[in-house]
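Novice: Input input_33.cif, format and content: mmCIF, C-alpha atoms; chains and numbers go by the auth columns.
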```cif
data_target
#
loop_
_atom_site.group_PDB
_atom_site.id
_atom_site.type_symbol
_atom_site.label_atom_id
_atom_site.label_comp_id
_atom_site.label_asym_id
_atom_site.label_seq_id
_atom_site.Cartn_x
_atom_site.Cartn_y
_atom_site.Cartn_z
_atom_site.B_iso_or_equiv
_atom_site.auth_seq_id
_atom_site.auth_asym_id
ATOM 1 C CA MET A 1 118.287 61.479 83.900 0.00 1 A
ATOM 2 C CA CYS A 2 117.205 60.384 80.449 0.00 2 A
ATOM 3 C CA VAL A 3 117.082 63.385 78.094 0.00 3 A
ATOM 4 C CA GLY A 4 116.499 61.523 74.845 0.00 4 A
ATOM 5 C CA VAL A 5 116.691 58.332 72.844 0.00 5 A
ATOM 6 C CA VAL A 6 118.278 57.597 69.469 0.00 6 A
ATOM 7 C CA ILE A 7 115.510 56.628 67.046 0.00 7 A
ATOM 8 C CA GLY A 8 117.560 56.110 63.893 0.00 8 A
ATOM 9 C CA ALA A 9 120.270 57.281 61.557 0.00 9 A
ATOM 10 C CA LYS A 10 120.240 60.288 59.235 0.00 10 A
ATOM 11 C CA GLY A 11 122.448 60.362 56.187 0.00 11 A
ATOM 12 C CA VAL A 12 125.746 58.585 55.702 0.00 12 A
ATOM 13 C CA ARG A 13 128.064 60.652 57.951 0.00 13 A
ATOM 14 C CA GLY A 14 127.000 59.228 61.308 0.00 14 A
ATOM 15 C CA GLU A 15 124.279 61.677 62.282 0.00 15 A
ATOM 16 C CA VAL A 16 121.467 60.302 64.433 0.00 16 A
ATOM 17 C CA ARG A 17 117.818 61.201 64.890 0.00 17 A
ATOM 18 C CA ILE A 18 117.045 61.739 68.579 0.00 18 A
ATOM 19 C CA LYS A 19 113.648 61.922 70.241 0.00 19 A
ATOM 20 C CA SER A 20 114.238 64.635 72.811 0.00 20 A
ATOM 21 C CA PHE A 21 112.626 64.572 76.261 0.00 21 A
ATOM 22 C CA THR A 22 113.698 68.126 77.104 0.00 22 A
ATOM 23 C CA ALA A 23 111.259 71.080 77.134 0.00 23 A
ATOM 24 C CA ASN A 24 113.168 72.648 74.245 0.00 24 A
ATOM 25 C CA PRO A 25 114.149 69.680 72.020 0.00 25 A
ATOM 26 C CA ARG A 26 117.483 71.258 71.001 0.00 26 A
ATOM 27 C CA ASP A 27 118.530 71.326 74.679 0.00 27 A
ATOM 28 C CA VAL A 28 119.162 67.574 74.547 0.00 28 A
ATOM 29 C CA GLY A 29 122.744 68.517 73.671 0.00 29 A
ATOM 30 C CA ALA A 30 123.056 71.541 75.970 0.00 30 A
ATOM 31 C CA TYR A 31 124.077 69.851 79.226 0.00 31 A
ATOM 32 C CA GLY A 32 127.515 68.584 78.317 0.00 32 A
ATOM 33 C CA PRO A 33 128.506 65.028 77.429 0.00 33 A
ATOM 34 C CA VAL A 34 125.745 62.419 77.416 0.00 34 A
ATOM 35 C CA THR A 35 126.063 58.973 78.877 0.00 35 A
ATOM 36 C CA LEU A 36 124.834 56.232 76.578 0.00 36 A
ATOM 37 C CA GLY A 37 122.862 53.274 77.877 0.00 37 A
ATOM 38 C CA SER A 38 126.097 51.218 77.750 0.00 38 A
ATOM 39 C CA GLY A 39 127.809 53.596 80.177 0.00 39 A
ATOM 40 C CA ALA A 40 130.078 55.191 77.566 0.00 40 A
ATOM 41 C CA THR A 41 130.062 58.977 77.330 0.00 41 A
ATOM 42 C CA ALA A 42 130.119 61.137 74.231 0.00 42 A
ATOM 43 C CA GLU A 43 129.809 64.777 73.261 0.00 43 A
ATOM 44 C CA LEU A 44 126.541 65.486 71.461 0.00 44 A
ATOM 45 C CA LYS A 45 126.185 68.329 68.994 0.00 45 A
ATOM 46 C CA VAL A 46 122.664 69.097 67.801 0.00 46 A
ATOM 47 C CA THR A 47 122.858 69.924 64.092 0.00 47 A
ATOM 48 C CA GLY A 48 119.204 70.354 63.176 0.00 48 A
ATOM 49 C CA VAL A 49 115.561 69.693 63.871 0.00 49 A
ATOM 50 C CA ALA A 50 113.603 66.952 62.089 0.00 50 A
ATOM 51 C CA LYS A 51 110.169 67.614 63.612 0.00 51 A
ATOM 52 C CA GLU A 52 108.564 68.884 66.821 0.00 52 A
ATOM 53 C CA ASP A 53 110.425 66.691 69.345 0.00 53 A
ATOM 54 C CA VAL A 54 113.038 65.058 67.111 0.00 54 A
ATOM 55 C CA VAL A 55 116.451 66.576 66.519 0.00 55 A
ATOM 56 C CA ILE A 56 119.383 65.601 64.378 0.00 56 A
ATOM 57 C CA GLY A 57 122.671 65.241 66.209 0.00 57 A
ATOM 58 C CA GLN A 58 126.241 64.115 65.917 0.00 58 A
ATOM 59 C CA LEU A 59 127.744 61.974 68.678 0.00 59 A
ATOM 60 C CA ALA A 60 131.526 62.126 68.970 0.00 60 A
ATOM 61 C CA GLY A 61 133.093 58.974 67.576 0.00 61 A
ATOM 62 C CA VAL A 62 130.129 58.034 65.364 0.00 62 A
ATOM 63 C CA ALA A 63 131.391 58.564 61.820 0.00 63 A
ATOM 64 C CA ASP A 64 129.183 56.516 59.482 0.00 64 A
ATOM 65 C CA ARG A 65 125.634 55.317 58.948 0.00 65 A
ATOM 66 C CA ASN A 66 126.331 51.797 60.244 0.00 66 A
ATOM 67 C CA ALA A 67 127.611 53.124 63.562 0.00 67 A
ATOM 68 C CA ALA A 68 124.623 55.498 63.800 0.00 68 A
ATOM 69 C CA GLU A 69 122.121 52.707 63.029 0.00 69 A
ATOM 70 C CA ALA A 70 123.722 50.539 65.727 0.00 70 A
ATOM 71 C CA LEU A 71 122.696 53.177 68.302 0.00 71 A
ATOM 72 C CA LYS A 72 118.966 52.931 67.549 0.00 72 A
ATOM 73 C CA GLY A 73 117.108 52.580 70.856 0.00 73 A
ATOM 74 C CA VAL A 74 120.028 53.812 72.984 0.00 74 A
ATOM 75 C CA GLN A 75 118.949 56.231 75.701 0.00 75 A
ATOM 76 C CA LEU A 76 120.967 59.372 76.414 0.00 76 A
ATOM 77 C CA PHE A 77 121.497 60.413 80.030 0.00 77 A
ATOM 78 C CA VAL A 78 122.934 63.418 81.862 0.00 78 A
ATOM 79 C CA ALA A 79 123.641 63.834 85.559 0.00 79 A
ATOM 80 C CA ARG A 80 120.692 65.371 87.438 0.00 80 A
ATOM 81 C CA GLU A 81 122.823 68.209 88.827 0.00 81 A
ATOM 82 C CA ARG A 82 123.616 69.429 85.283 0.00 82 A
ATOM 83 C CA LEU A 83 119.937 70.076 84.544 0.00 83 A
ATOM 84 C CA PRO A 84 118.268 73.380 85.407 0.00 84 A
ATOM 85 C CA LYS A 85 116.025 73.580 88.450 0.00 85 A
ATOM 86 C CA ALA A 86 112.413 72.807 87.544 0.00 86 A
ATOM 87 C CA GLU A 87 110.130 75.827 87.462 0.00 87 A
ATOM 88 C CA GLU A 88 107.523 76.285 90.194 0.00 88 A
ATOM 89 C CA GLY A 89 104.712 73.777 89.580 0.00 89 A
ATOM 90 C CA SER A 90 106.800 71.735 87.120 0.00 90 A
ATOM 91 C CA TYR A 91 108.560 68.492 87.920 0.00 91 A
ATOM 92 C CA TYR A 92 111.043 66.149 86.338 0.00 92 A
ATOM 93 C CA HIS A 93 109.479 62.731 85.824 0.00 93 A
ATOM 94 C CA ALA A 94 112.340 61.170 87.781 0.00 94 A
ATOM 95 C CA ASP A 95 111.426 63.354 90.770 0.00 95 A
ATOM 96 C CA LEU A 96 107.842 62.031 90.772 0.00 96 A
ATOM 97 C CA ILE A 97 108.772 58.346 90.573 0.00 97 A
ATOM 98 C CA GLY A 98 108.879 56.844 94.054 0.00 98 A
ATOM 99 C CA LEU A 99 106.554 59.391 95.662 0.00 99 A
ATOM 100 C CA VAL A 100 103.865 57.917 97.917 0.00 100 A
ATOM 101 C CA ALA A 101 100.427 58.634 96.446 0.00 101 A
ATOM 102 C CA LYS A 102 97.870 59.528 99.101 0.00 102 A
ATOM 103 C CA VAL A 103 94.247 60.527 98.666 0.00 103 A
ATOM 104 C CA THR A 104 93.061 63.730 100.341 0.00 104 A
ATOM 105 C CA THR A 105 90.837 61.486 102.499 0.00 105 A
ATOM 106 C CA GLY A 106 93.980 60.003 104.077 0.00 106 A
ATOM 107 C CA GLU A 107 94.147 56.665 102.227 0.00 107 A
ATOM 108 C CA THR A 108 97.538 55.625 100.821 0.00 108 A
ATOM 109 C CA ARG A 109 97.135 54.313 97.242 0.00 109 A
ATOM 110 C CA GLY A 110 100.719 53.195 96.581 0.00 110 A
ATOM 111 C CA LYS A 111 103.856 54.602 94.974 0.00 111 A
ATOM 112 C CA ILE A 112 104.360 56.374 91.672 0.00 112 A
ATOM 113 C CA SER A 113 106.163 53.819 89.520 0.00 113 A
ATOM 114 C CA ALA A 114 106.150 55.505 86.094 0.00 114 A
ATOM 115 C CA VAL A 115 105.106 58.610 84.204 0.00 115 A
ATOM 116 C CA PHE A 116 103.681 58.264 80.703 0.00 116 A
ATOM 117 C CA ASN A 117 102.479 60.678 78.069 0.00 117 A
ATOM 118 C CA PHE A 118 100.331 59.187 75.342 0.00 118 A
ATOM 119 C CA GLY A 119 99.637 62.569 73.758 0.00 119 A
ATOM 120 C CA ALA A 120 96.921 64.055 75.984 0.00 120 A
ATOM 121 C CA GLY A 121 99.104 64.913 78.975 0.00 121 A
ATOM 122 C CA ASP A 122 101.110 63.133 81.625 0.00 122 A
ATOM 123 C CA VAL A 123 99.662 60.065 83.326 0.00 123 A
ATOM 124 C CA LEU A 124 101.017 58.644 86.584 0.00 124 A
ATOM 125 C CA GLU A 125 101.200 54.906 87.163 0.00 125 A
ATOM 126 C CA ILE A 126 100.672 53.983 90.814 0.00 126 A
ATOM 127 C CA THR A 127 101.811 50.576 92.015 0.00 127 A
ATOM 128 C CA ARG A 128 99.560 49.424 94.836 0.00 128 A
ATOM 129 C CA PRO A 129 100.914 47.451 97.822 0.00 129 A
ATOM 130 C CA ASP A 130 99.337 44.282 96.347 0.00 130 A
ATOM 131 C CA GLY A 131 101.282 44.784 93.096 0.00 131 A
ATOM 132 C CA ASP A 132 98.315 45.950 91.015 0.00 132 A
ATOM 133 C CA THR A 133 98.727 49.211 89.129 0.00 133 A
ATOM 134 C CA GLU A 134 96.393 52.067 88.358 0.00 134 A
ATOM 135 C CA MET A 135 96.745 55.169 86.232 0.00 135 A
ATOM 136 C CA ILE A 136 95.739 58.698 87.139 0.00 136 A
ATOM 137 C CA PRO A 137 96.079 61.907 85.156 0.00 137 A
ATOM 138 C CA PHE A 138 98.744 64.336 86.287 0.00 138 A
ATOM 139 C CA SER A 139 96.400 67.297 86.097 0.00 139 A
ATOM 140 C CA ALA A 140 95.406 70.192 88.344 0.00 140 A
ATOM 141 C CA ALA A 141 91.991 68.587 88.883 0.00 141 A
ATOM 142 C CA ALA A 142 93.373 65.193 89.971 0.00 142 A
ATOM 143 C CA ILE A 143 96.474 66.277 91.901 0.00 143 A
ATOM 144 C CA ALA A 144 95.971 68.370 95.042 0.00 144 A
ATOM 145 C CA ALA A 145 99.648 68.750 95.962 0.00 145 A
ATOM 146 C CA VAL A 146 103.142 67.489 95.230 0.00 146 A
ATOM 147 C CA ASP A 147 105.708 67.556 98.030 0.00 147 A
ATOM 148 C CA ILE A 148 109.016 66.263 96.704 0.00 148 A
ATOM 149 C CA ALA A 149 110.799 66.917 100.026 0.00 149 A
ATOM 150 C CA ALA A 150 108.219 64.896 101.991 0.00 150 A
ATOM 151 C CA GLY A 151 108.062 62.217 99.274 0.00 151 A
ATOM 152 C CA THR A 152 104.293 62.495 98.778 0.00 152 A
ATOM 153 C CA LEU A 153 101.753 63.271 96.113 0.00 153 A
ATOM 154 C CA LEU A 154 98.212 64.130 97.225 0.00 154 A
ATOM 155 C CA VAL A 155 95.377 62.966 94.953 0.00 155 A
ATOM 156 C CA ASN A 156 91.854 64.371 94.789 0.00 156 A
ATOM 157 C CA PRO A 157 89.324 61.469 94.839 0.00 157 A
ATOM 158 C CA LEU A 158 87.497 62.481 91.655 0.00 158 A
ATOM 159 C CA PRO A 159 84.423 60.426 90.677 0.00 159 A
ATOM 160 C CA GLY A 160 85.511 57.392 88.654 0.00 160 A
ATOM 161 C CA LEU A 161 89.208 57.924 89.299 0.00 161 A
ATOM 162 C CA PHE A 162 89.517 54.794 91.416 0.00 162 A
ATOM 163 C CA ASP A 163 87.414 51.726 90.605 0.00 163 A
ATOM 164 C CA ASP A 164 88.397 49.630 93.619 0.00 164 A
ATOM 165 C CA ASP A 165 87.155 46.043 93.541 0.00 165 A
ATOM 166 C CA GLU A 166 84.508 46.815 90.957 0.00 166 A
ATOM 167 C CA THR A 167 84.628 45.280 87.504 0.00 167 A
ATOM 168 C CA GLU A 168 82.886 46.611 84.400 0.00 168 A
ATOM 169 C CA ASP A 169 80.450 43.649 84.523 0.00 169 A
ATOM 170 C CA GLU A 170 79.467 44.488 88.125 0.00 170 A
ATOM 171 C CA THR A 171 78.969 48.138 87.150 0.00 171 A
ATOM 172 C CA ARG A 172 76.772 47.200 84.180 0.00 172 A
ATOM 173 C CA GLU A 173 74.780 44.782 86.351 0.00 173 A
ATOM 174 C CA GLU A 174 74.106 47.522 88.921 0.00 174 A
ATOM 175 C CA GLU A 175 73.044 49.967 86.180 0.00 175 A
ATOM 176 C CA THR A 176 70.469 47.554 84.747 0.00 176 A
ATOM 177 C CA THR A 177 68.778 46.731 88.067 0.00 177 A
#
```
Kindly transcribe the structure held in the file into structure tokens.
Specialist:
Amino acid sequence: MCVGVVIGAKGVRGEVRIKSFTANPRDVGAYGPVTLGSGATAELKVTGVAKEDVVIGQLAGVADRNAAEALKGVQLFVARERLPKAEEGSYYHADLIGLVAKVTTGETRGKISAVFNFGAGDVLEITRPDGDTEMIPFSAAAIAAVDIAAGTLLVNPLPGLFDDDETEDETREEETT
């Protein structure tokens, strides 16, 4: 599972700035060696905090700024079994991806294909059987239930959540008549 990504170098001794995807940003280095996007593994020691979700770290074998800059954009992974169990009502993004999204009315919408967070909370991307995608908030109001074992996510059909086969022009036309 991806626990962070290198976003740049810090200083001249090979330290890197890492955007952490862990609940506590410093934990990005707490689960043992990380696997880099290339498949190589390295010990990661967190040496400081740059800002809210960015830490400074030292990857074993990275000794200078050039080597650190070369890692920009590299994702850092750890094996799922090394991570702590998610708390009740919390989920790892990787556990949500692939779940079948069903509406409480019984309709299947598609499968969860991605989880995003643009700053206002998590948003689920659902890929429909026809290949189209739609986004829904991952909130208590929109999500009725998550059943990882059954592979399903139950969605409340909130007003305006799904705009099936209706374009903005059609909506405006209906409002003016």
Novice: Written as a list in words, what is the full residue list that the PyMOL selection byres ((chain A and resi 122) around 12) yields on the file shown?
Specialist: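 On this input, the PyMOL selection byres ((chain A and resi 122) around 12) captures Ser90, Tyr91, Tyr92, His93, Leu96, Ala114, Val115, Phe116, Asn117, Phe118, Gly119, Ala120, Gly121, Val123, Leu124, Glu125, Met135, Ile136, Pro137, Phe138, Ser139, Ala140, Ala142 and Ile143 of chain A.
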Novice: Do a neighbour search on Leu99 of chain A at 10 Å with all atoms listed in the file, toss out local chain neighbours closer than 4 positions, and write the hits as a PyMOL selection string.
Specialist: chain A and resi 94-95+110-113+126+146-154
Novice: Please expand the PyMOL selection byres ((chain A and resi 74) around 8) into the concrete residues it hits in this file, giving the result as a ChimeraX atom specification.
Specialist: /A:5-7,36-37,71-73,75-76
Novice: How many Å separate atom CA of Asn156 of chain A from atom CA of Gly131 of chain A?
Specialist: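 One can read the atom CA of Asn156 of chain A to atom CA of Gly131 of chain A distance as 21.8 Å.
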Novice: Quick check on the file I pasted: which residues fall under the PyMOL selection byres ((chain A and resi 66) around 12)? Write them as number ranges by chain.
Specialist: A: 8-16, 62-65, 67-72
Novice: Write out as a list of chain:residue names the residues lying within 9 Å of Ala30 of chain A, counting only C-alpha atoms and excluding same-chain residues fewer than 6 positions away.
Specialist: A:Leu44, A:Lys45, A:Val46
Novice: Mind pulling up the distance from atom CA of Gly98 of chain A to atom CA of Ala23 of chain A?
Specialist: 22.2 Å
Novice: Please report the interatomic distance between atom CA of Gly57 of chain A and atom CA of Asp27 of chain A in Å with one decimal.
Specialist: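 Atom CA of Asp27 of chain A lies at a distance of 11.2 Å from atom CA of Gly57 of chain A.
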Novice: Using all atoms listed in the file, which residue out of A:Val49, A:Val78, A:Leu59, A:Val3 lies closest to Arg26 of chain A?
Specialist: A:Val49
Novice: For a cut-off of 12 Å around (86.7, 57.0, 95.2), file coordinates, pick out all residues using only C-alpha atoms and list them as number ranges by chain.
Specialist: A: 103-107, 109, 142, 155-166
Novice: Since fewer atoms than expected are present, regenerate all heavy atoms for segment 37-48 of chain A and write them as a short mmCIF file (atom, residue, chain, number, x, y, z; two decimals), keeping the file's coordinate frame.
Specialist:
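The resulting file, out-v2.cif, is reproduced below:
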```
data_model
loop_
_atom_site.label_atom_id
_atom_site.label_comp_id
_atom_site.auth_asym_id
_atom_site.auth_seq_id
_atom_site.Cartn_x
_atom_site.Cartn_y
_atom_site.Cartn_z
N GLY A 37 123.37 54.39 77.08
CA GLY A 37 122.86 53.27 77.88
C GLY A 37 123.94 52.28 78.26
O GLY A 37 123.86 51.63 79.31
N SER A 38 125.00 52.16 77.47
CA SER A 38 126.10 51.22 77.75
C SER A 38 127.03 51.73 78.84
O SER A 38 127.87 50.99 79.33
CB SER A 38 126.90 50.99 76.47
OG SER A 38 127.55 52.20 76.09
N GLY A 39 126.92 53.01 79.18
CA GLY A 39 127.81 53.60 80.18
C GLY A 39 128.89 54.46 79.57
O GLY A 39 129.54 55.24 80.25
N ALA A 40 129.10 54.35 78.26
CA ALA A 40 130.08 55.19 77.57
C ALA A 40 129.56 56.62 77.51
O ALA A 40 128.36 56.86 77.51
CB ALA A 40 130.31 54.67 76.15
N THR A 41 130.47 57.58 77.46
CA THR A 41 130.06 58.98 77.33
C THR A 41 130.52 59.53 76.00
O THR A 41 131.52 59.06 75.43
CB THR A 41 130.63 59.87 78.47
OG1 THR A 41 132.04 59.82 78.42
CG2 THR A 41 130.13 59.41 79.82
N ALA A 42 129.76 60.52 75.51
CA ALA A 42 130.12 61.14 74.23
C ALA A 42 129.57 62.55 74.19
O ALA A 42 128.52 62.84 74.76
CB ALA A 42 129.54 60.32 73.07
N GLU A 43 130.31 63.42 73.52
CA GLU A 43 129.81 64.78 73.26
C GLU A 43 128.70 64.66 72.23
O GLU A 43 128.79 63.87 71.29
CB GLU A 43 130.93 65.68 72.72
CG GLU A 43 131.98 66.02 73.75
CD GLU A 43 131.47 66.96 74.84
OE1 GLU A 43 130.53 67.74 74.59
OE2 GLU A 43 132.03 66.89 75.95
N LEU A 44 127.66 65.47 72.40
CA LEU A 44 126.54 65.49 71.46
C LEU A 44 126.37 66.90 70.94
O LEU A 44 126.21 67.84 71.72
CB LEU A 44 125.25 65.03 72.15
CG LEU A 44 123.95 65.25 71.37
CD1 LEU A 44 123.95 64.45 70.07
CD2 LEU A 44 122.75 64.88 72.23
N LYS A 45 126.42 67.03 69.63
CA LYS A 45 126.18 68.33 68.99
C LYS A 45 124.89 68.22 68.20
O LYS A 45 124.77 67.38 67.30
CB LYS A 45 127.35 68.69 68.07
CG LYS A 45 127.15 70.01 67.37
CD LYS A 45 128.31 70.32 66.44
CE LYS A 45 128.02 71.63 65.72
NZ LYS A 45 129.00 71.86 64.66
N VAL A 46 123.92 69.06 68.55
CA VAL A 46 122.66 69.10 67.80
C VAL A 46 122.91 69.90 66.54
O VAL A 46 123.37 71.04 66.59
CB VAL A 46 121.52 69.71 68.65
CG1 VAL A 46 120.27 69.87 67.82
CG2 VAL A 46 121.26 68.84 69.87
N THR A 47 122.58 69.29 65.38
CA THR A 47 122.86 69.92 64.09
C THR A 47 121.60 70.37 63.36
O THR A 47 121.69 71.06 62.36
CB THR A 47 123.67 68.98 63.19
OG1 THR A 47 122.93 67.76 63.00
CG2 THR A 47 125.03 68.67 63.80
N GLY A 48 120.44 69.96 63.85
CA GLY A 48 119.20 70.35 63.18
C GLY A 48 117.98 69.80 63.88
O GLY A 48 118.08 69.09 64.88
#
```
